[in-house]
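Content type mmCIF, C-alpha atoms, from the file final.cif:
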```
data_upload
loop_
_atom_site.label_atom_id
_atom_site.label_comp_id
_atom_site.auth_asym_id
_atom_site.auth_seq_id
_atom_site.Cartn_x
_atom_site.Cartn_y
_atom_site.Cartn_z
CA MET A 1 -14.46 -27.23 -2.82
CA SER A 2 -15.13 -27.57 -6.54
CA ASP A 3 -18.80 -28.39 -5.85
CA VAL A 4 -19.44 -24.90 -4.43
CA VAL A 5 -21.64 -22.89 -6.80
CA THR A 6 -20.61 -19.24 -6.90
CA ARG A 7 -22.46 -16.40 -8.60
CA ILE A 8 -21.15 -12.87 -8.29
CA VAL A 9 -23.00 -9.72 -9.32
CA VAL A 10 -20.71 -6.94 -10.52
CA PHE A 11 -22.07 -3.43 -10.90
CA GLY A 12 -20.31 -0.45 -12.44
CA ASP A 13 -18.26 1.06 -15.21
CA VAL A 14 -17.78 -0.32 -18.68
CA ILE A 15 -15.37 1.69 -20.80
CA ASP A 16 -13.70 1.88 -24.21
CA ASP A 17 -9.96 1.97 -23.45
CA VAL A 18 -7.58 3.63 -25.91
CA ILE A 19 -4.13 2.48 -24.79
CA ALA A 20 -1.16 4.48 -26.10
CA THR A 21 2.40 3.27 -25.51
CA PRO A 22 4.89 5.84 -26.84
CA SER A 23 8.17 4.56 -28.30
CA GLY A 24 10.04 7.11 -26.14
CA PRO A 25 9.50 10.44 -24.40
CA ILE A 26 6.47 12.32 -25.74
CA ARG A 27 7.64 15.23 -27.90
CA PRO A 28 5.48 18.37 -27.50
CA ASP A 29 3.93 19.93 -30.62
CA THR A 30 5.03 17.12 -32.95
CA ASP A 31 4.63 13.39 -33.52
CA THR A 32 5.81 10.60 -31.24
CA PRO A 33 5.67 7.09 -32.77
CA SER A 34 3.44 4.95 -30.58
CA THR A 35 1.56 1.71 -30.35
CA ILE A 36 -2.15 2.42 -29.96
CA GLU A 37 -4.64 -0.32 -29.13
CA ARG A 38 -8.34 -0.32 -28.37
CA ARG A 39 -9.77 -2.60 -25.71
CA GLY A 40 -12.88 -3.05 -23.65
CA GLY A 41 -12.31 -1.64 -20.18
CA GLY A 42 -13.83 -0.14 -17.08
CA SER A 43 -12.75 -1.27 -13.63
CA ALA A 44 -15.94 -3.15 -12.79
CA ALA A 45 -16.27 -4.74 -16.23
CA ASN A 46 -12.61 -5.78 -16.10
CA THR A 47 -13.12 -7.48 -12.75
CA ALA A 48 -16.20 -9.24 -14.11
CA THR A 49 -14.24 -10.70 -17.03
CA TRP A 50 -11.35 -11.82 -14.81
CA LEU A 51 -13.84 -13.53 -12.50
CA ALA A 52 -15.40 -15.29 -15.47
CA SER A 53 -11.95 -16.44 -16.60
CA LEU A 54 -11.68 -18.30 -13.28
CA GLY A 55 -14.93 -20.15 -13.96
CA THR A 56 -17.10 -17.98 -11.71
CA SER A 57 -20.67 -17.29 -12.77
CA VAL A 58 -20.91 -13.50 -13.23
CA ASP A 59 -23.78 -11.11 -13.86
CA PHE A 60 -22.64 -7.63 -14.89
CA VAL A 61 -24.89 -4.55 -14.59
CA GLY A 62 -23.72 -1.48 -16.49
CA ARG A 63 -24.58 1.29 -18.94
CA VAL A 64 -23.20 2.29 -22.36
CA GLY A 65 -24.17 4.57 -25.22
CA VAL A 66 -27.07 3.00 -27.09
CA LEU A 67 -25.07 2.72 -30.34
CA ASP A 68 -22.50 0.54 -28.56
CA LEU A 69 -24.99 -1.65 -26.70
CA ASP A 70 -24.79 -4.65 -29.03
CA ARG A 71 -21.00 -4.49 -29.27
CA HIS A 72 -20.35 -4.39 -25.54
CA THR A 73 -23.01 -7.03 -24.90
CA ARG A 74 -21.28 -9.34 -27.37
CA VAL A 75 -17.78 -8.69 -26.01
CA LEU A 76 -18.82 -9.37 -22.41
CA ARG A 77 -20.76 -12.48 -23.39
CA GLU A 78 -17.75 -13.81 -25.30
CA ALA A 79 -15.70 -13.32 -22.12
CA GLY A 80 -18.11 -15.58 -20.21
CA VAL A 81 -20.05 -12.79 -18.46
CA ARG A 82 -23.84 -12.45 -18.47
CA PRO A 83 -24.26 -8.77 -19.48
CA MET A 84 -27.18 -6.74 -18.18
CA LEU A 85 -26.46 -3.51 -20.01
CA ALA A 86 -28.70 -0.50 -20.51
CA GLY A 87 -28.31 1.73 -23.56
CA ASP A 88 -28.17 5.48 -22.95
CA HIS A 89 -29.74 7.65 -25.68
CA MET A 90 -28.11 10.87 -24.47
CA LEU A 91 -24.63 10.00 -23.22
CA PRO A 92 -21.87 8.17 -25.12
CA THR A 93 -20.03 5.11 -23.89
CA GLY A 94 -17.33 6.08 -21.41
CA THR A 95 -13.81 6.36 -22.80
CA ILE A 96 -10.36 6.44 -21.23
CA VAL A 97 -7.15 7.39 -23.02
CA ILE A 98 -4.35 5.55 -21.20
CA LEU A 99 -0.76 6.71 -21.63
CA VAL A 100 1.58 3.88 -20.64
CA ASP A 101 5.09 4.62 -19.38
CA GLY A 102 6.68 1.37 -18.17
CA ASP A 103 4.96 0.31 -14.95
CA LYS A 104 3.20 3.68 -14.67
CA ARG A 105 0.28 5.17 -16.55
CA SER A 106 -1.74 8.34 -16.89
CA MET A 107 -5.46 8.27 -17.64
CA LEU A 108 -7.65 10.82 -19.36
CA THR A 109 -11.22 9.88 -18.49
CA GLU A 110 -14.68 10.64 -19.86
CA ARG A 111 -17.19 8.59 -17.86
CA GLY A 112 -20.00 9.09 -20.37
CA ALA A 113 -23.02 6.85 -19.79
CA ASN A 114 -21.46 5.41 -16.63
CA ALA A 115 -22.31 8.67 -14.86
CA ALA A 116 -26.01 7.88 -15.30
CA LEU A 117 -25.76 4.34 -13.87
CA ASP A 118 -28.07 3.98 -10.88
CA PRO A 119 -27.54 1.43 -8.05
CA ASP A 120 -31.26 0.68 -8.27
CA SER A 121 -30.39 -0.94 -11.61
CA VAL A 122 -29.28 -3.93 -9.53
CA SER A 123 -32.67 -5.50 -8.91
CA ASP A 124 -33.61 -7.69 -5.97
CA ALA A 125 -34.16 -10.51 -8.46
CA VAL A 126 -30.53 -10.28 -9.59
CA LEU A 127 -29.31 -10.27 -5.97
CA ASP A 128 -31.44 -13.26 -4.97
CA GLY A 129 -29.24 -16.35 -4.84
CA ALA A 130 -25.99 -14.46 -5.48
CA THR A 131 -22.90 -15.16 -3.40
CA ALA A 132 -21.39 -11.69 -3.61
CA LEU A 133 -21.89 -8.19 -4.96
CA HIS A 134 -18.89 -6.18 -6.14
CA PHE A 135 -18.74 -2.54 -7.23
CA THR A 136 -16.16 0.22 -7.42
CA GLY A 137 -15.81 3.77 -6.19
CA TYR A 138 -16.09 5.02 -9.77
CA SER A 139 -19.84 4.46 -9.58
CA LEU A 140 -20.03 6.77 -6.57
CA PHE A 141 -17.75 9.57 -7.69
CA GLY A 142 -19.61 12.62 -8.95
CA LYS A 143 -22.92 11.58 -7.41
CA SER A 144 -24.71 14.26 -5.41
CA GLU A 145 -26.86 11.64 -3.66
CA THR A 146 -25.40 8.37 -2.35
CA GLY A 147 -28.38 6.85 -0.56
CA GLY A 148 -28.94 4.39 -3.38
CA PHE A 149 -25.57 2.75 -2.66
CA THR A 150 -26.36 2.45 1.04
CA ARG A 151 -29.68 0.84 0.15
CA LEU A 152 -27.99 -1.48 -2.36
CA ILE A 153 -25.60 -2.74 0.32
CA LYS A 154 -28.48 -3.25 2.76
CA ARG A 155 -30.53 -5.10 0.13
CA ALA A 156 -27.60 -7.37 -0.62
CA LYS A 157 -26.74 -8.05 3.02
CA SER A 158 -30.38 -8.83 3.85
CA ARG A 159 -30.13 -11.66 1.31
CA GLY A 160 -26.90 -13.05 2.73
CA VAL A 161 -24.85 -11.61 -0.14
CA HIS A 162 -21.25 -10.57 0.66
CA VAL A 163 -20.40 -7.04 -0.51
CA SER A 164 -16.95 -5.98 -1.74
CA VAL A 165 -15.89 -2.51 -2.85
CA ASP A 166 -12.85 -1.43 -4.86
CA ALA A 167 -12.02 2.14 -3.76
CA GLY A 168 -11.29 3.09 -7.37
CA SER A 169 -9.25 6.28 -7.69
CA ALA A 170 -7.28 8.44 -5.26
CA GLY A 171 -7.76 11.49 -7.48
CA PHE A 172 -11.53 11.12 -7.74
CA MET A 173 -11.62 10.22 -4.02
CA ALA A 174 -10.00 13.57 -3.17
CA ASP A 175 -12.65 15.36 -5.24
CA PHE A 176 -15.53 13.35 -3.78
CA GLY A 177 -14.48 13.33 -0.13
CA ALA A 178 -13.24 10.40 1.95
CA LYS A 179 -15.87 10.85 4.68
CA ARG A 180 -18.71 10.80 2.16
CA PHE A 181 -17.27 7.73 0.48
CA LEU A 182 -16.85 5.76 3.70
CA GLY A 183 -20.36 6.68 4.78
CA ALA A 184 -21.84 5.55 1.47
CA ILE A 185 -20.20 2.10 1.59
CA ALA A 186 -20.78 1.45 5.30
CA GLY A 187 -21.75 -2.18 5.81
CA ALA A 188 -19.53 -3.61 3.06
CA ASP A 189 -17.63 -6.75 4.02
CA LEU A 190 -14.47 -6.24 2.00
CA LEU A 191 -12.61 -3.10 0.91
CA PHE A 192 -9.89 -3.01 -1.76
CA PRO A 193 -7.91 0.27 -1.60
CA SER A 194 -4.57 1.02 -3.21
CA LEU A 195 -1.94 2.66 -1.02
CA ASP A 196 -2.73 6.11 -2.45
CA GLU A 197 -6.45 5.53 -1.94
CA GLY A 198 -5.81 4.30 1.60
CA ARG A 199 -3.86 7.46 2.37
CA GLU A 200 -6.71 9.56 1.05
CA LEU A 201 -9.28 7.60 3.08
CA THR A 202 -7.41 7.73 6.39
CA GLY A 203 -5.04 10.69 6.31
CA LEU A 204 -2.28 8.29 7.38
CA ASP A 205 0.95 7.43 5.57
CA ASP A 206 2.14 4.12 7.02
CA PRO A 207 0.62 1.17 5.10
CA ALA A 208 0.09 -1.07 8.13
CA ALA A 209 -1.55 1.76 10.06
CA ILE A 210 -3.80 2.53 7.06
CA ALA A 211 -4.93 -1.10 6.77
CA GLN A 212 -5.56 -1.41 10.51
CA LYS A 213 -7.56 1.81 10.67
CA LEU A 214 -9.78 0.78 7.75
CA ALA A 215 -10.21 -2.67 9.30
CA LYS A 216 -12.00 -0.99 12.20
CA SER A 217 -14.79 -0.12 9.77
CA PHE A 218 -14.70 -3.13 7.43
CA PRO A 219 -14.33 -6.82 8.37
CA LEU A 220 -11.60 -7.36 5.77
CA VAL A 221 -9.26 -4.92 4.00
CA ALA A 222 -6.77 -5.74 1.25
CA LEU A 223 -4.40 -2.79 0.75
CA THR A 224 -2.46 -3.10 -2.51
CA MET A 225 0.97 -1.47 -2.69
CA GLY A 226 2.24 -2.25 -6.17
CA SER A 227 5.60 -4.04 -6.13
CA ALA A 228 5.68 -3.79 -2.30
CA GLY A 229 2.92 -6.39 -2.01
CA VAL A 230 -0.45 -6.51 -0.28
CA ILE A 231 -1.40 -5.97 3.35
CA VAL A 232 -4.47 -7.90 4.46
CA ALA A 233 -6.05 -6.68 7.68
CA SER A 234 -8.98 -7.83 9.76
CA LYS A 235 -9.36 -8.06 13.52
CA GLY A 236 -6.00 -9.82 13.94
CA GLU A 237 -2.46 -8.85 12.99
CA PRO A 238 -2.04 -7.58 9.41
CA ILE A 239 -0.62 -10.07 6.90
CA LEU A 240 1.90 -9.07 4.22
CA VAL A 241 1.70 -11.00 0.95
CA ASP A 242 4.34 -10.55 -1.74
CA VAL A 243 3.56 -9.81 -5.36
CA VAL A 244 4.38 -12.29 -8.11
CA LEU A 245 7.36 -10.82 -9.94
CA THR A 246 6.92 -10.56 -13.69
CA LYS A 247 7.71 -8.23 -16.59
CA THR A 248 5.23 -5.37 -16.85
CA VAL A 249 3.87 -4.78 -20.34
CA ASP A 250 0.85 -2.68 -19.32
CA PRO A 251 -0.30 -2.10 -15.70
CA THR A 252 -3.89 -1.42 -16.81
CA GLY A 253 -6.34 -3.69 -15.01
CA ALA A 254 -3.88 -5.17 -12.51
CA GLY A 255 -5.96 -3.99 -9.56
CA ASP A 256 -9.15 -5.26 -11.19
CA ALA A 257 -7.58 -8.68 -11.72
CA PHE A 258 -6.34 -8.70 -8.12
CA CYS A 259 -9.88 -8.06 -6.87
CA ALA A 260 -11.19 -10.92 -9.00
CA GLY A 261 -8.58 -13.40 -7.85
CA PHE A 262 -8.94 -12.40 -4.21
CA LEU A 263 -12.74 -12.42 -4.20
CA ASN A 264 -13.01 -15.75 -6.02
CA GLU A 265 -10.67 -17.53 -3.58
CA TRP A 266 -12.02 -15.82 -0.47
CA ILE A 267 -15.59 -16.88 -1.24
CA LEU A 268 -14.46 -20.48 -1.65
CA SER A 269 -12.07 -20.78 1.30
CA HIS A 270 -12.49 -17.69 3.53
CA ASP A 271 -8.69 -17.81 3.80
CA SER A 272 -7.48 -14.22 3.45
CA ARG A 273 -3.82 -15.15 2.83
CA ALA A 274 -4.75 -17.64 0.13
CA ALA A 275 -7.09 -15.02 -1.36
CA ALA A 276 -4.32 -12.40 -1.49
CA GLU A 277 -1.95 -14.90 -3.09
CA ALA A 278 -4.58 -15.77 -5.70
CA GLY A 279 -5.14 -12.07 -6.37
CA ALA A 280 -1.41 -11.44 -6.75
CA LYS A 281 -1.11 -14.32 -9.20
CA LEU A 282 -3.91 -13.00 -11.39
CA ALA A 283 -2.56 -9.43 -11.22
CA ALA A 284 0.81 -10.71 -12.48
CA LEU A 285 -0.96 -12.21 -15.48
CA ALA A 286 -2.76 -8.90 -16.09
CA VAL A 287 0.37 -6.75 -16.21
CA GLY A 288 1.94 -9.08 -18.76
CA ILE A 289 -0.63 -8.25 -21.44
CA VAL A 290 -1.98 -5.11 -23.09
CA GLY A 291 -5.37 -4.01 -21.80
CA GLY A 292 -7.31 -4.56 -18.60
CA ARG A 293 -9.06 -7.81 -19.42
CA PRO A 294 -7.98 -11.45 -19.80
CA PRO A 295 -6.74 -12.69 -23.18
CA ALA A 296 -9.52 -13.92 -25.44
#
```
Target encoding structure tokens, full file:
Amino acid sequence: MSDVVTRIVVFGDVIDDVIATPSGPIRPDTDTPSTIERRGGGSAANTATWLASLGTSVDFVGRVGVLDLDRHTRVLREAGVRPMLAGDHMLPTGTIVILVDGDKRSMLTERGANAALDPDSVSDAVLDGATALHFTGYSLFGKSETGGFTRLIKRAKSRGVHVSVDAGSAGFMADFGAKRFLGAIAGADLLFPSLDEGRELTGLDDPAAIAQKLAKSFPLVALTMGSAGVIVASKGEPILVDVVLTKTVDPTGAGDAFCAGFLNEWILSHDSRAAAEAGAKLAALAVGIVGGRPPA
């Protein structure tokens, strides 16, 4: 299927990641030797770059502080993505401080210019001829009005464009409201929740039950469970796909890479098991490097 031409539109956050890996337990009120690295990030932008690393044609729509517009445009272009960035004159580029502790992490987030990103920024002209549209819950969280996202999904679907949504963040989901979130993304074809996000969305605890309940609202659900694997659910019996075991250097961006690998394969083959396996393979590559994007 190498002759299939795929173009995916990705819409959402672009972030400056500051990744801190302490040498040991953090000592209060004094210094802790650490490795600190700066990387381009943002869940949607990360997914866009992982898609591009697979040879997919990607248009990315996002927003940064105007002083960083040239830098982020260049970085995305060098990663193989076609950037469609707006520069915000009032808000700074979003920043996340990521504290890494083995296979776990804590994130201190300032969304900055991402908070002003409007779904109407994805024009009909950009959607025309696209194979899929992907965005994340981060673009919804904090919005008082979500009609633009509903309209964006309808505009995409009316053009035959598949729509996938990464749920984003269990913490922000709790603040935003699961019912509001599910209503805003109604009509999407594919939902990517983590286990914690799935629990927040359904009120259930059992992974298989979570995936099956969400599959009543979305044609395809891929529930990621960290080292426990992935449950893929549609109208049939749920499928469990194992992770690819590897040493974790930094878990940042693993979910974004999984979405990219899954979406790329699913568009080509419409085989959900093969898509989950492709996503798991790319996620394993992501956790073996520092930062949320592919190696240069």
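A search radius of 6 Å centred on (-12.4, -0.8, -25.3), applied to all atoms listed in the file, returns the residues Ile15, Asp16, Asp17, Arg38, Arg39, Gly40 and Gly41 of chain A.
Interatomic distance, CA of Cys259 (chain A) to CA of Gln212 (chain A): 19.1 Å.
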Using all atoms listed in the file, find each residue in region 45-134 of chain A having at least one atom no more than 7 Å away from region 153-171 of chain A; report its shortest atom-to-atom pair and that distance in Å (one decimal), rows by chain then rising number, as a tab-separated table.
```
residue	atom	partner	partner_atom	distance
A:Leu127	CA	A:Ala156	CA	6.3
A:Asp128	CA	A:Arg159	CA	6.6
A:Ala130	CA	A:Val161	CA	6.2
A:Thr131	CA	A:Val161	CA	5.2
A:Ala132	CA	A:His162	CA	4.4
A:Leu133	CA	A:Val163	CA	4.8
A:His134	CA	A:Ser164	CA	4.8
```
Using only C-alpha atoms: which of A:Leu191, A:Val241, A:Val249, A:Val18 has the shortest distance to Leu220 (chain A): A:Leu191
Non-local contacts of region 97-104 of chain A (9 Å; only C-alpha atoms; under 5 positions in same chain excluded) as a list in words: Asp16, Asp17, Val18, Ile19, Ala20, Thr21, Pro22, Gly24, Pro25, Thr109, Glu110, Thr248, Val249, Asp250, Pro251, Thr252 and Val287 of chain A
Residue IDs satisfying the PyMOL selection byres ((chain A and resi 226) around 9), as a tab-separated table (two decimals) with C-alpha atoms, in the coordinates of the input:
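Dumped everything to selection-v7.tsv:
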```tsv
chain	number	residue	atom	x	y	z
A	194	SER	CA	-4.57	1.02	-3.21
A	195	LEU	CA	-1.94	2.66	-1.02
A	224	THR	CA	-2.46	-3.10	-2.51
A	225	MET	CA	0.97	-1.47	-2.69
A	227	SER	CA	5.60	-4.04	-6.13
A	228	ALA	CA	5.68	-3.79	-2.30
A	229	GLY	CA	2.92	-6.39	-2.01
A	230	VAL	CA	-0.45	-6.51	-0.28
A	243	VAL	CA	3.56	-9.81	-5.36
```
Dump as number ranges by chain all residues having an atom at most 10 Å from (-1.0, -6.4, -19.8), computed in the file's coordinates with all atoms listed in the file. A: 247-254, 283-295
Check what the PyMOL selection byres ((chain A and resi 71) around 12) selects in the file above and give those residues as number ranges by chain. A: 14-16, 39-40, 64-70, 72-78, 83, 85, 87, 93
For region 79-92 of chain A in the structure I just supplied, write out C-alpha atoms - as an mmCIF file, in the first residue's frame.
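Below is the file decode.cif, written as the result:
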```
data_model
loop_
_atom_site.group_PDB
_atom_site.id
_atom_site.type_symbol
_atom_site.label_atom_id
_atom_site.label_comp_id
_atom_site.auth_asym_id
_atom_site.auth_seq_id
_atom_site.Cartn_x
_atom_site.Cartn_y
_atom_site.Cartn_z
ATOM 1 C CA ALA A 79 11.151 17.694 11.395
ATOM 2 C CA GLY A 80 9.314 17.305 8.084
ATOM 3 C CA VAL A 81 6.093 19.063 9.148
ATOM 4 C CA ARG A 82 4.423 21.894 7.220
ATOM 5 C CA PRO A 83 3.869 24.473 10.011
ATOM 6 C CA MET A 84 0.885 26.799 9.917
ATOM 7 C CA LEU A 85 1.642 28.799 13.037
ATOM 8 C CA ALA A 86 0.138 32.074 14.203
ATOM 9 C CA GLY A 87 2.129 34.473 16.368
ATOM 10 C CA ASP A 88 0.404 35.830 19.473
ATOM 11 C CA HIS A 89 1.345 39.409 20.437
ATOM 12 C CA MET A 90 -0.096 39.152 23.956
ATOM 13 C CA LEU A 91 0.565 35.629 25.218
ATOM 14 C CA PRO A 92 3.932 33.825 25.407
#
```
